[in-house]
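protein.cif follows; it contains mmCIF, C-alpha atoms and all ligand atoms.
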```cif
data_entry
loop_
_atom_site.label_atom_id
_atom_site.label_comp_id
_atom_site.auth_asym_id
_atom_site.auth_seq_id
_atom_site.Cartn_x
_atom_site.Cartn_y
_atom_site.Cartn_z
CA MET T 1 16.50 -9.31 11.94
CA VAL T 2 14.85 -9.83 8.57
CA THR T 3 12.41 -12.78 8.81
CA ASP T 4 12.33 -15.68 6.31
CA LEU T 5 8.94 -14.45 5.14
CA THR T 6 10.36 -11.00 4.35
CA LYS T 7 13.27 -12.67 2.51
CA ILE T 8 10.67 -14.43 0.33
CA TRP T 9 8.92 -11.07 -0.32
CA ILE T 10 12.30 -9.61 -1.33
CA SER T 11 13.10 -12.40 -3.78
CA ASN T 12 9.62 -12.06 -5.33
CA ILE T 13 9.73 -8.27 -5.84
CA ASP T 14 7.92 -7.40 -9.06
CA LYS T 15 9.78 -4.26 -10.20
CA LYS T 16 7.57 -3.80 -13.26
CA ALA T 17 4.36 -3.75 -11.20
CA ALA T 18 5.98 -1.39 -8.66
CA LYS T 19 6.85 0.99 -11.52
CA VAL T 20 3.23 0.94 -12.73
CA ARG T 21 2.06 1.87 -9.21
CA ALA T 22 4.62 4.70 -9.03
CA MET T 23 3.74 6.04 -12.50
CA ARG T 24 0.06 6.23 -11.58
CA ILE T 25 0.97 8.56 -8.68
CA LEU T 26 3.56 10.57 -10.64
CA LYS T 27 0.98 11.26 -13.38
CA VAL T 28 -1.49 12.68 -10.87
CA ILE T 29 1.21 14.77 -9.14
CA LYS T 30 2.15 16.30 -12.50
CA LYS T 31 -1.49 17.18 -13.11
CA TYR T 32 -2.26 18.74 -9.72
CA HIS T 33 0.94 20.03 -8.08
CA LYS T 34 3.39 22.55 -9.52
CA ARG T 35 6.53 21.99 -7.51
CA PRO T 36 6.36 19.35 -4.80
CA LYS T 37 9.44 18.91 -2.61
CA ASN T 38 8.67 16.66 0.34
CA ILE T 39 6.92 13.36 -0.39
CA LEU T 40 5.78 10.75 2.12
CA GLU T 41 4.66 7.19 1.33
CA LEU T 42 2.36 5.49 3.86
CA GLY T 43 2.93 1.71 3.91
CA VAL T 44 6.28 2.00 2.11
CA GLY T 45 6.94 -1.75 2.39
CA LEU T 46 10.29 -2.64 0.82
CA GLY T 47 10.63 0.81 -0.78
CA VAL T 48 10.29 -0.35 -4.39
CA VAL T 49 7.67 2.29 -5.25
CA LEU T 50 9.34 5.13 -3.35
CA ALA T 51 12.51 4.37 -5.35
CA HIS T 52 10.82 6.10 -8.33
CA PHE T 53 10.59 9.41 -6.43
CA LYS T 54 14.32 10.16 -6.19
CA LYS T 55 14.01 13.72 -7.46
CA TYR T 56 12.02 14.62 -4.31
CA ASN T 57 12.88 14.57 -0.60
CA MET T 58 11.67 11.05 0.15
CA TYR T 59 10.01 9.90 3.37
CA GLY T 60 8.30 6.61 4.11
CA LEU T 61 6.65 4.81 6.98
CA ASP T 62 5.52 1.26 7.66
CA LEU T 63 4.33 -0.79 10.60
CA LYS T 64 6.81 -3.60 9.93
CA LYS T 65 10.28 -3.13 11.35
CA ASP T 66 11.97 -5.59 9.01
CA PHE T 67 10.34 -4.02 5.92
CA ILE T 68 11.80 -0.66 6.96
CA LYS T 69 15.16 -2.33 7.51
CA SER T 70 15.10 -3.79 3.98
CA ALA T 71 13.76 -0.56 2.46
CA LYS T 72 16.90 1.22 3.73
CA ASN T 73 18.89 -0.76 1.14
CA ILE T 74 16.53 0.12 -1.71
CA VAL T 75 16.02 3.82 -0.87
CA PRO T 76 19.11 4.78 1.19
CA ASN T 77 18.36 8.51 0.77
CA ALA T 78 14.86 8.29 2.20
CA LYS T 79 13.96 9.06 5.81
CA LEU T 80 12.07 6.02 7.04
CA PHE T 81 9.92 5.54 10.12
CA ILE T 82 8.33 2.57 11.88
CA GLN T 83 4.87 3.96 12.59
CA SER T 84 1.25 3.25 11.81
CA MET T 85 -0.39 5.42 9.19
CA HIS T 86 -3.42 6.07 11.43
CA ASN T 87 -1.54 7.96 14.15
CA PHE T 88 1.84 8.88 12.70
CA LYS T 89 3.73 11.91 13.92
CA ILE T 90 6.56 13.33 11.84
CA ARG T 91 8.00 16.82 12.37
CA ASN T 92 8.08 17.65 8.65
CA ARG T 93 5.23 18.85 6.49
CA PHE T 94 4.67 17.37 3.04
CA ASP T 95 3.49 18.45 -0.39
CA ILE T 96 2.40 14.93 -1.26
CA ILE T 97 1.34 12.03 0.95
CA PHE T 98 0.52 8.86 -0.95
CA SER T 99 -0.18 5.19 -0.37
CA VAL T 100 -0.38 2.46 -3.00
CA HIS T 101 -1.05 -1.27 -3.34
CA GLU T 102 -4.17 -1.02 -1.20
CA CYS T 103 -2.28 -0.56 2.12
CA ILE T 104 -5.29 1.29 3.55
CA ASN T 105 -7.35 -1.93 3.29
CA GLU T 106 -5.05 -3.44 5.94
CA VAL T 107 -6.02 -0.70 8.41
CA LYS T 108 -8.73 -1.59 10.89
CA PRO T 109 -11.30 -0.64 12.15
CA TYR T 110 -12.88 2.02 9.90
CA LYS T 111 -12.29 4.77 12.46
CA ASN T 112 -8.56 4.22 11.82
CA TRP T 113 -9.13 4.95 8.10
CA GLU T 114 -10.62 8.26 9.22
CA ALA T 115 -7.68 8.76 11.61
CA THR T 116 -5.31 8.12 8.67
CA PHE T 117 -7.10 10.83 6.67
CA LYS T 118 -6.82 13.22 9.64
CA SER T 119 -3.11 12.48 10.28
CA SER T 120 -2.37 12.94 6.57
CA TYR T 121 -4.30 16.22 6.51
CA ASN T 122 -2.36 17.48 9.54
CA HIS T 123 1.00 16.66 7.89
CA LEU T 124 0.25 18.30 4.53
CA ASN T 125 1.18 21.80 3.45
CA GLU T 126 -1.65 23.96 2.18
CA GLY T 127 -2.51 22.87 -1.36
CA GLY T 128 -0.82 19.51 -0.71
CA LEU T 129 -2.17 16.26 -2.13
CA PHE T 130 -3.28 13.10 -0.39
CA ILE T 131 -3.45 10.21 -2.86
CA PHE T 132 -4.22 6.58 -2.08
CA ASP T 133 -5.73 3.50 -3.68
CA MET T 134 -8.13 0.90 -2.29
CA ARG T 135 -9.95 -2.27 -3.30
CA THR T 136 -13.62 -2.00 -4.24
CA LYS T 137 -16.53 -4.36 -3.58
CA LYS T 138 -16.21 -5.49 -7.21
CA HIS T 139 -12.77 -6.87 -6.40
CA LEU T 140 -14.15 -8.72 -3.36
CA GLU T 141 -16.84 -10.31 -5.54
CA PHE T 142 -14.14 -11.38 -8.00
CA LEU T 143 -11.97 -12.90 -5.25
CA LYS T 144 -14.98 -14.74 -3.83
CA LYS T 145 -15.42 -16.64 -7.10
CA GLN T 146 -11.72 -17.15 -7.80
CA THR T 147 -10.38 -20.71 -7.89
CA VAL T 148 -7.35 -21.32 -5.73
CA LYS T 149 -4.23 -22.26 -7.66
CA LEU T 150 -0.64 -23.14 -6.93
CA GLU T 151 1.51 -20.65 -8.81
CA ARG T 152 5.18 -20.48 -9.63
CA ASN T 153 7.15 -17.46 -8.48
CA PRO T 154 10.88 -16.59 -8.38
CA SER T 155 11.39 -18.16 -4.92
CA GLY T 156 9.45 -21.37 -5.63
CA TYR T 157 5.65 -21.68 -5.47
CA VAL T 158 2.85 -19.77 -3.81
CA TYR T 159 -0.64 -20.92 -2.81
CA ASP T 160 -3.01 -18.04 -2.07
CA ASN T 161 -6.30 -19.04 -0.50
CA THR T 162 -8.39 -15.91 -0.09
CA VAL T 163 -11.49 -16.06 2.08
CA VAL T 164 -14.18 -13.37 1.75
CA LYS T 165 -16.72 -12.93 4.55
CA GLY T 166 -18.86 -9.79 4.31
CA HIS T 167 -16.43 -6.91 3.86
CA LYS T 168 -13.51 -8.88 5.32
CA LEU T 169 -10.89 -10.43 3.09
CA THR T 170 -8.42 -12.90 4.60
CA TRP T 171 -5.25 -13.96 2.82
CA ASN T 172 -4.07 -17.44 3.77
CA THR T 173 -0.84 -17.79 1.90
CA ILE T 174 1.56 -20.71 1.81
CA TYR T 175 4.98 -20.20 0.24
CA PHE T 176 7.03 -23.17 -0.90
CA LYS T 177 10.54 -21.75 -0.90
CA ARG T 178 12.98 -23.65 -3.10
CA ILE T 179 16.01 -24.75 -1.04
CA LYS T 180 17.52 -26.96 -3.73
CA LYS T 181 16.19 -29.24 -6.50
CA ASP T 182 12.95 -30.92 -5.29
CA LEU T 183 13.39 -29.60 -1.74
CA TYR T 184 11.11 -26.81 -0.48
CA LYS T 185 10.64 -25.04 2.85
CA ILE T 186 7.11 -23.97 3.82
CA GLU T 187 6.41 -20.46 5.13
CA LYS T 188 2.87 -19.40 6.04
CA ASP T 189 1.38 -15.93 6.06
CA ARG T 190 -2.09 -14.81 7.12
CA TYR T 191 -3.58 -11.34 7.32
CA SER T 192 -6.89 -9.61 6.80
CA GLU T 193 -8.10 -6.61 4.89
CA PHE T 194 -11.35 -4.65 5.01
CA VAL T 195 -13.19 -3.26 2.02
CA TYR T 196 -15.59 -0.32 2.40
CA PRO T 197 -17.90 1.38 -0.11
CA VAL T 198 -16.32 4.10 -2.24
CA SER T 199 -19.19 6.47 -1.33
CA LYS T 200 -18.54 6.02 2.42
CA VAL T 201 -14.83 6.74 1.98
CA LYS T 202 -15.55 9.77 -0.19
CA LYS T 203 -17.90 11.14 2.47
CA SER T 204 -15.21 10.79 5.17
CA LEU T 205 -12.55 12.43 2.98
CA SER T 206 -14.86 15.34 2.11
CA LYS T 207 -14.96 16.43 5.77
CA ASP T 208 -11.44 17.87 5.43
CA PHE T 209 -10.29 17.55 1.84
CA LYS T 210 -11.49 18.64 -1.54
CA VAL T 211 -11.80 15.33 -3.40
CA LEU T 212 -10.38 16.10 -6.87
CA GLU T 213 -10.85 12.67 -8.43
CA ALA T 214 -11.76 9.08 -7.68
CA ILE T 215 -10.01 7.24 -10.49
CA SER T 216 -11.22 3.74 -11.18
CA PHE T 217 -8.58 1.29 -12.47
CA GLU T 218 -8.05 -2.45 -13.05
CA LYS T 219 -11.58 -2.72 -14.50
CA GLY T 220 -13.16 -1.05 -11.46
CA HIS T 221 -11.59 -3.48 -8.97
CA LYS T 222 -9.64 -0.59 -7.46
CA VAL T 223 -10.07 3.14 -6.98
CA MET T 224 -7.49 5.85 -6.47
CA PHE T 225 -8.57 8.95 -4.54
CA VAL T 226 -6.84 12.26 -5.24
CA CYS T 227 -7.54 14.88 -2.54
CA ARG T 228 -6.31 18.38 -1.88
CA LYS T 229 -5.80 20.16 1.44
CA LEU T 230 -7.39 23.59 1.00
C1 LIG T 301 0.86 -4.58 -0.12
S1 LIG T 301 2.16 -3.85 0.80
C2 LIG T 301 2.54 -2.45 -0.23
C3 LIG T 301 3.95 -1.92 -0.06
C4 LIG T 301 4.33 -0.77 -1.01
N1 LIG T 301 3.45 0.36 -0.88
C5 LIG T 301 4.33 -1.23 -2.46
O1 LIG T 301 3.46 -0.81 -3.22
O2 LIG T 301 5.22 -2.01 -2.82
C6 LIG T 301 1.24 -3.15 2.16
C7 LIG T 301 2.12 -2.49 3.21
O3 LIG T 301 1.32 -1.76 4.13
C8 LIG T 301 1.89 -1.89 5.41
N2 LIG T 301 0.89 -1.55 6.43
C9 LIG T 301 -0.23 -2.24 6.76
N3 LIG T 301 -0.91 -1.59 7.73
C10 LIG T 301 -0.20 -0.46 8.00
C11 LIG T 301 -0.38 0.62 8.91
N4 LIG T 301 -1.43 0.66 9.74
N5 LIG T 301 0.55 1.61 8.92
C12 LIG T 301 1.61 1.57 8.10
N6 LIG T 301 1.84 0.57 7.21
C13 LIG T 301 0.95 -0.43 7.17
C14 LIG T 301 2.35 -3.35 5.44
O4 LIG T 301 3.29 -3.58 6.47
C15 LIG T 301 2.94 -3.47 4.03
O5 LIG T 301 4.28 -3.10 3.99
#
```
With the file now loaded, output its structure as structure tokens.
Amino acid sequence: MVTDLTKIWISNIDKKAAKVRAMRILKVIKKYHKRPKNILELGVGLGVVLAHFKKYNMYGLDLKKDFIKSAKNIVPNAKLFIQSMHNFKIRNRFDIIFSVHECINEVKPYKNWEATFKSSYNHLNEGGLFIFDMRTKKHLEFLKKQTVKLERNPSGYVYDNTVVKGHKLTWNTIYFKRIKKDLYKIEKDRYSEFVYPVSKVKKSLSKDFKVLEAISFEKGHKVMFVCRKL
């Protein structure tokens, strides 16, 4: 069953932003891989990013069952799995494994980031790329100072109260879903993310991968790592 919260996520899909995330990955693939065939997205969510990879054999995985169920409608040709990125096991090997929209920040504790790097390494073909983005401390500092606002979105309104404590970021979100004129239903969501120093992450990646680039974007609030399996 698809939950009411997931239905809200579906009605608020930002296709433009998803395309920007996909393009960032496609640009790097073009630069560093000649002819990729099999591509896996970790934390595929509703499949809106993977939908831009139709010329490849598409694979995706996510922890959330109802996200995978919804993603099947958006990327019907993809092979999708309900698994965690830190210990996934898929029979295939991939030329590209990527993750966008800071999914890795939802993985905890840090040893499971390292397990994600290991699992990805084990599922890549030689010369394959592991590409993912993450929030930086600069973004945490920004969120700490941010004023909470009620914002309009396609399903009604959203109130995002982010709490930063040390390297932990907690999203307390309240959705006001429009039922009809002046009548709203409340849905609450709460989850945490963890932000680690770029240097620490680079050190962990370097144990197995050759780190080709750490590309800073969104004014340094995020970093995208591009790594190669040698
Ligand atoms: C912000 S969404 C991004 C979805 C998609 N990548 C996109 O850009 O539209 C983060 C996703 O990561 C998934 N996720 C969080 N922890 C995960 C884990 N340990 N393994 C797999 N997926 C995970 C969540 O369920 C969610 O779908």
Quiz prompt | Among listed residues T:Tyr175, T:Tyr184, T:Tyr110, T:Phe88, nearest ligand LIG 301 (chain T) (using all atoms listed in the file) | solution = T:Phe88
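Minimum atom-to-atom distances from T:Gly60, T:Lys229, T:Ile10, T:Val2 to T:Tyr121 were compared using only C-alpha atoms, and the lowest value belongs to T:Lys229.
Nearest to T:Phe117 of all the residues T:Ile131, T:Ala17, T:Pro76, T:Asp160 is T:Ile131, based on all atoms listed in the file.
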Exercise. With all atoms listed in the file counted, collect every polymer residue having an atom within 7 Å of ligand LIG 301 (chain T); state the result as a list in words.
Key: Ala18, Arg21, Leu42, Gly43, Val44, Gly45, Leu46, Gly47, Val48, Val49, Leu61, Asp62, Leu63, Lys64, Phe67, Gln83, Ser84, Met85, His86, Ser99, Val100, His101, Glu102, Cys103, Ile104, Glu106 and Val107 of chain T
Could you take the residues named above and write them with C-alpha atoms, as a CSV table (one decimal), in the coordinates of the input?
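And here is the file that came out, result-v4.csv:
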```
chain,number,residue,atom,x,y,z
T,18,ALA,CA,6.0,-1.4,-8.7
T,21,ARG,CA,2.1,1.9,-9.2
T,42,LEU,CA,2.4,5.5,3.9
T,43,GLY,CA,2.9,1.7,3.9
T,44,VAL,CA,6.3,2.0,2.1
T,45,GLY,CA,6.9,-1.8,2.4
T,46,LEU,CA,10.3,-2.6,0.8
T,47,GLY,CA,10.6,0.8,-0.8
T,48,VAL,CA,10.3,-0.4,-4.4
T,49,VAL,CA,7.7,2.3,-5.2
T,61,LEU,CA,6.6,4.8,7.0
T,62,ASP,CA,5.5,1.3,7.7
T,63,LEU,CA,4.3,-0.8,10.6
T,64,LYS,CA,6.8,-3.6,9.9
T,67,PHE,CA,10.3,-4.0,5.9
T,83,GLN,CA,4.9,4.0,12.6
T,84,SER,CA,1.2,3.2,11.8
T,85,MET,CA,-0.4,5.4,9.2
T,86,HIS,CA,-3.4,6.1,11.4
T,99,SER,CA,-0.2,5.2,-0.4
T,100,VAL,CA,-0.4,2.5,-3.0
T,101,HIS,CA,-1.0,-1.3,-3.3
T,102,GLU,CA,-4.2,-1.0,-1.2
T,103,CYS,CA,-2.3,-0.6,2.1
T,104,ILE,CA,-5.3,1.3,3.6
T,106,GLU,CA,-5.0,-3.4,5.9
T,107,VAL,CA,-6.0,-0.7,8.4
```
Quiz item: What does the distance from atom CA of T:Ser155 to atom CA of T:Lys177 come to in Å, to one decimal?
Solution: 5.5 Å
Exercise. Choose the residue, out of T:Ser11, T:Val226, T:Ala78, T:Leu140, that has the smallest atom-to-atom separation from T:Leu26; count only C-alpha atoms.
Key: T:Val226
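From atom CA of T:Asp66 back to atom CA of T:Asn12, the distance works out to 15.9 Å.
Atom pair atom CA of T:Glu187 / atom CA of T:Ile174 has a distance of 5.9 Å (rounded to one decimal).
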Exercise. Just the residues within 8 Å of T:Tyr157, please, counting all atoms listed in the file, with nothing from its chain fewer than 2 positions along; format it as a PyMOL selection string.
Key: chain T and resi 150-155+159+175-178
Give me, as a PDB file with C-alpha atoms, keeping the file's coordinate frame, all polymer residues having an atom no more than 12 Å from T:Lys200, counting all atoms listed in the file and skipping those fewer than 6 positions away in the same chain.
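Generated output (part.pdb):
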```
ATOM      1  CA  TYR T 110     -12.880   2.020   9.900  1.00  0.00           C
ATOM      2  CA  LYS T 111     -12.290   4.770  12.460  1.00  0.00           C
ATOM      3  CA  TRP T 113      -9.130   4.950   8.100  1.00  0.00           C
ATOM      4  CA  GLU T 114     -10.620   8.260   9.220  1.00  0.00           C
ATOM      5  CA  THR T 136     -13.620  -2.000  -4.240  1.00  0.00           C
ATOM      6  CA  SER T 206     -14.860  15.340   2.110  1.00  0.00           C
ATOM      7  CA  LYS T 207     -14.960  16.430   5.770  1.00  0.00           C
TER       8      LYS T 207
END
```
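Distances from T:Phe194, T:Lys149, T:Leu129, T:His52 to T:Lys31 were compared using only C-alpha atoms, and the smallest one belongs to T:Leu129.
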Self-check item: Using all atoms listed in the file: which of T:Phe94, T:Lys27, T:Val223, T:Asn87 has the shortest distance to T:Gly127
Solution: T:Phe94
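For T:Lys54, the residues within 9 Å (counting only C-alpha atoms, excluding itself and residues fewer than 2 positions away along the chain) are Leu50, Ala51, His52, Tyr56, Asn57, Met58, Val75, Asn77 and Ala78 of chain T.
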Expected residue set, 12 Å radius at (-8.1, 7.4, -11.5), all atoms listed in the file, as an mmCIF file with C-alpha atoms, in the frame of the given file:
```
data_model
loop_
_atom_site.group_PDB
_atom_site.id
_atom_site.type_symbol
_atom_site.label_atom_id
_atom_site.label_comp_id
_atom_site.auth_asym_id
_atom_site.auth_seq_id
_atom_site.Cartn_x
_atom_site.Cartn_y
_atom_site.Cartn_z
ATOM 1 C CA ARG T 21 2.060 1.870 -9.210
ATOM 2 C CA MET T 23 3.740 6.040 -12.500
ATOM 3 C CA ARG T 24 0.060 6.230 -11.580
ATOM 4 C CA ILE T 25 0.970 8.560 -8.680
ATOM 5 C CA LYS T 27 0.980 11.260 -13.380
ATOM 6 C CA VAL T 28 -1.490 12.680 -10.870
ATOM 7 C CA LYS T 31 -1.490 17.180 -13.110
ATOM 8 C CA ILE T 131 -3.450 10.210 -2.860
ATOM 9 C CA PHE T 132 -4.220 6.580 -2.080
ATOM 10 C CA ASP T 133 -5.730 3.500 -3.680
ATOM 11 C CA MET T 134 -8.130 0.900 -2.290
ATOM 12 C CA VAL T 211 -11.800 15.330 -3.400
ATOM 13 C CA LEU T 212 -10.380 16.100 -6.870
ATOM 14 C CA GLU T 213 -10.850 12.670 -8.430
ATOM 15 C CA ALA T 214 -11.760 9.080 -7.680
ATOM 16 C CA ILE T 215 -10.010 7.240 -10.490
ATOM 17 C CA SER T 216 -11.220 3.740 -11.180
ATOM 18 C CA PHE T 217 -8.580 1.290 -12.470
ATOM 19 C CA GLU T 218 -8.050 -2.450 -13.050
ATOM 20 C CA LYS T 219 -11.580 -2.720 -14.500
ATOM 21 C CA GLY T 220 -13.160 -1.050 -11.460
ATOM 22 C CA HIS T 221 -11.590 -3.480 -8.970
ATOM 23 C CA LYS T 222 -9.640 -0.590 -7.460
ATOM 24 C CA VAL T 223 -10.070 3.140 -6.980
ATOM 25 C CA MET T 224 -7.490 5.850 -6.470
ATOM 26 C CA PHE T 225 -8.570 8.950 -4.540
ATOM 27 C CA VAL T 226 -6.840 12.260 -5.240
ATOM 28 C CA CYS T 227 -7.540 14.880 -2.540
#
```
Would you place a box with edges along x, y and z of the file around all atoms of stretch 87-91 of chain T listed there, add 3 Å to each of its six sides, and report the centre and edge lengths in Å to one decimal, as AutoDock Vina command-line options?
```
--center_x 3.2 --center_y 12.4 --center_z 13.0 --size_x 15.5 --size_y 14.9 --size_z 8.3
```
Quiz prompt | Test item: residues at most 9 Å from stretch 142-147 of chain T, only C-alpha atoms, excluding those fewer than 5 positions along its chain, as a list in words | solution = Lys137, Asn161, Thr162, Val163, Val164, Lys165, Leu169 and His221 of chain T
Take the residues from that selection and write them out as an mmCIF file, keeping the file's coordinate frame, keeping C-alpha atoms.
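Written file, out.cif:
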```cif
data_model
loop_
_atom_site.group_PDB
_atom_site.id
_atom_site.type_symbol
_atom_site.label_atom_id
_atom_site.label_comp_id
_atom_site.auth_asym_id
_atom_site.auth_seq_id
_atom_site.Cartn_x
_atom_site.Cartn_y
_atom_site.Cartn_z
ATOM 1 C CA LYS T 137 -16.530 -4.360 -3.580
ATOM 2 C CA ASN T 161 -6.300 -19.040 -0.500
ATOM 3 C CA THR T 162 -8.390 -15.910 -0.090
ATOM 4 C CA VAL T 163 -11.490 -16.060 2.080
ATOM 5 C CA VAL T 164 -14.180 -13.370 1.750
ATOM 6 C CA LYS T 165 -16.720 -12.930 4.550
ATOM 7 C CA LEU T 169 -10.890 -10.430 3.090
ATOM 8 C CA HIS T 221 -11.590 -3.480 -8.970
#
```
Any chance you could turn stretch 105-118 of chain T into a file with N, CA, C and O atoms, as a tab-separated table (two decimals), in the first residue's frame?
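Final file, selection16.tsv:
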```tsv
chain	number	residue	atom	x	y	z
T	105	ASN	N	23.47	10.76	3.39
T	105	ASN	CA	23.36	11.41	4.70
T	105	ASN	C	22.30	10.75	5.60
T	105	ASN	O	22.30	10.94	6.81
T	106	GLU	N	21.41	9.98	4.99
T	106	GLU	CA	20.38	9.29	5.79
T	106	GLU	C	20.90	7.97	6.37
T	106	GLU	O	20.23	7.32	7.17
T	107	VAL	N	22.09	7.57	5.92
T	107	VAL	CA	22.66	6.30	6.38
T	107	VAL	C	23.38	6.51	7.71
T	107	VAL	O	24.15	7.45	7.87
T	108	LYS	N	23.12	5.64	8.65
T	108	LYS	CA	23.78	5.75	9.95
T	108	LYS	C	24.07	4.37	10.52
T	108	LYS	O	23.34	3.44	10.17
T	109	PRO	N	25.12	4.21	11.36
T	109	PRO	CA	26.16	5.18	11.70
T	109	PRO	C	27.22	5.25	10.59
T	109	PRO	O	27.05	4.62	9.55
T	110	TYR	N	28.36	5.93	10.88
T	110	TYR	CA	29.35	6.15	9.82
T	110	TYR	C	29.89	4.84	9.25
T	110	TYR	O	30.20	4.75	8.07
T	111	LYS	N	29.96	3.80	10.09
T	111	LYS	CA	30.49	2.53	9.56
T	111	LYS	C	29.59	2.01	8.42
T	111	LYS	O	30.06	1.28	7.56
T	112	ASN	N	28.33	2.42	8.39
T	112	ASN	CA	27.46	2.01	7.28
T	112	ASN	C	27.70	2.84	6.02
T	112	ASN	O	27.32	2.42	4.93
T	113	TRP	N	28.30	4.03	6.17
T	113	TRP	CA	28.77	4.76	4.97
T	113	TRP	C	29.90	3.93	4.36
T	113	TRP	O	29.92	3.68	3.17
T	114	GLU	N	30.82	3.48	5.24
T	114	GLU	CA	31.97	2.71	4.74
T	114	GLU	C	31.49	1.39	4.14
T	114	GLU	O	32.04	0.93	3.13
T	115	ALA	N	30.45	0.80	4.75
T	115	ALA	CA	29.89	-0.45	4.21
T	115	ALA	C	29.25	-0.19	2.83
T	115	ALA	O	29.32	-1.03	1.94
T	116	THR	N	28.64	0.99	2.68
T	116	THR	CA	28.05	1.36	1.38
T	116	THR	C	29.15	1.46	0.32
T	116	THR	O	28.98	0.98	-0.81
T	117	PHE	N	30.28	2.05	0.70
T	117	PHE	CA	31.39	2.19	-0.25
T	117	PHE	C	31.89	0.78	-0.65
T	117	PHE	O	32.15	0.52	-1.81
T	118	LYS	N	31.98	-0.10	0.35
T	118	LYS	CA	32.47	-1.46	0.10
T	118	LYS	C	31.50	-2.23	-0.80
T	118	LYS	O	31.91	-2.86	-1.78
```
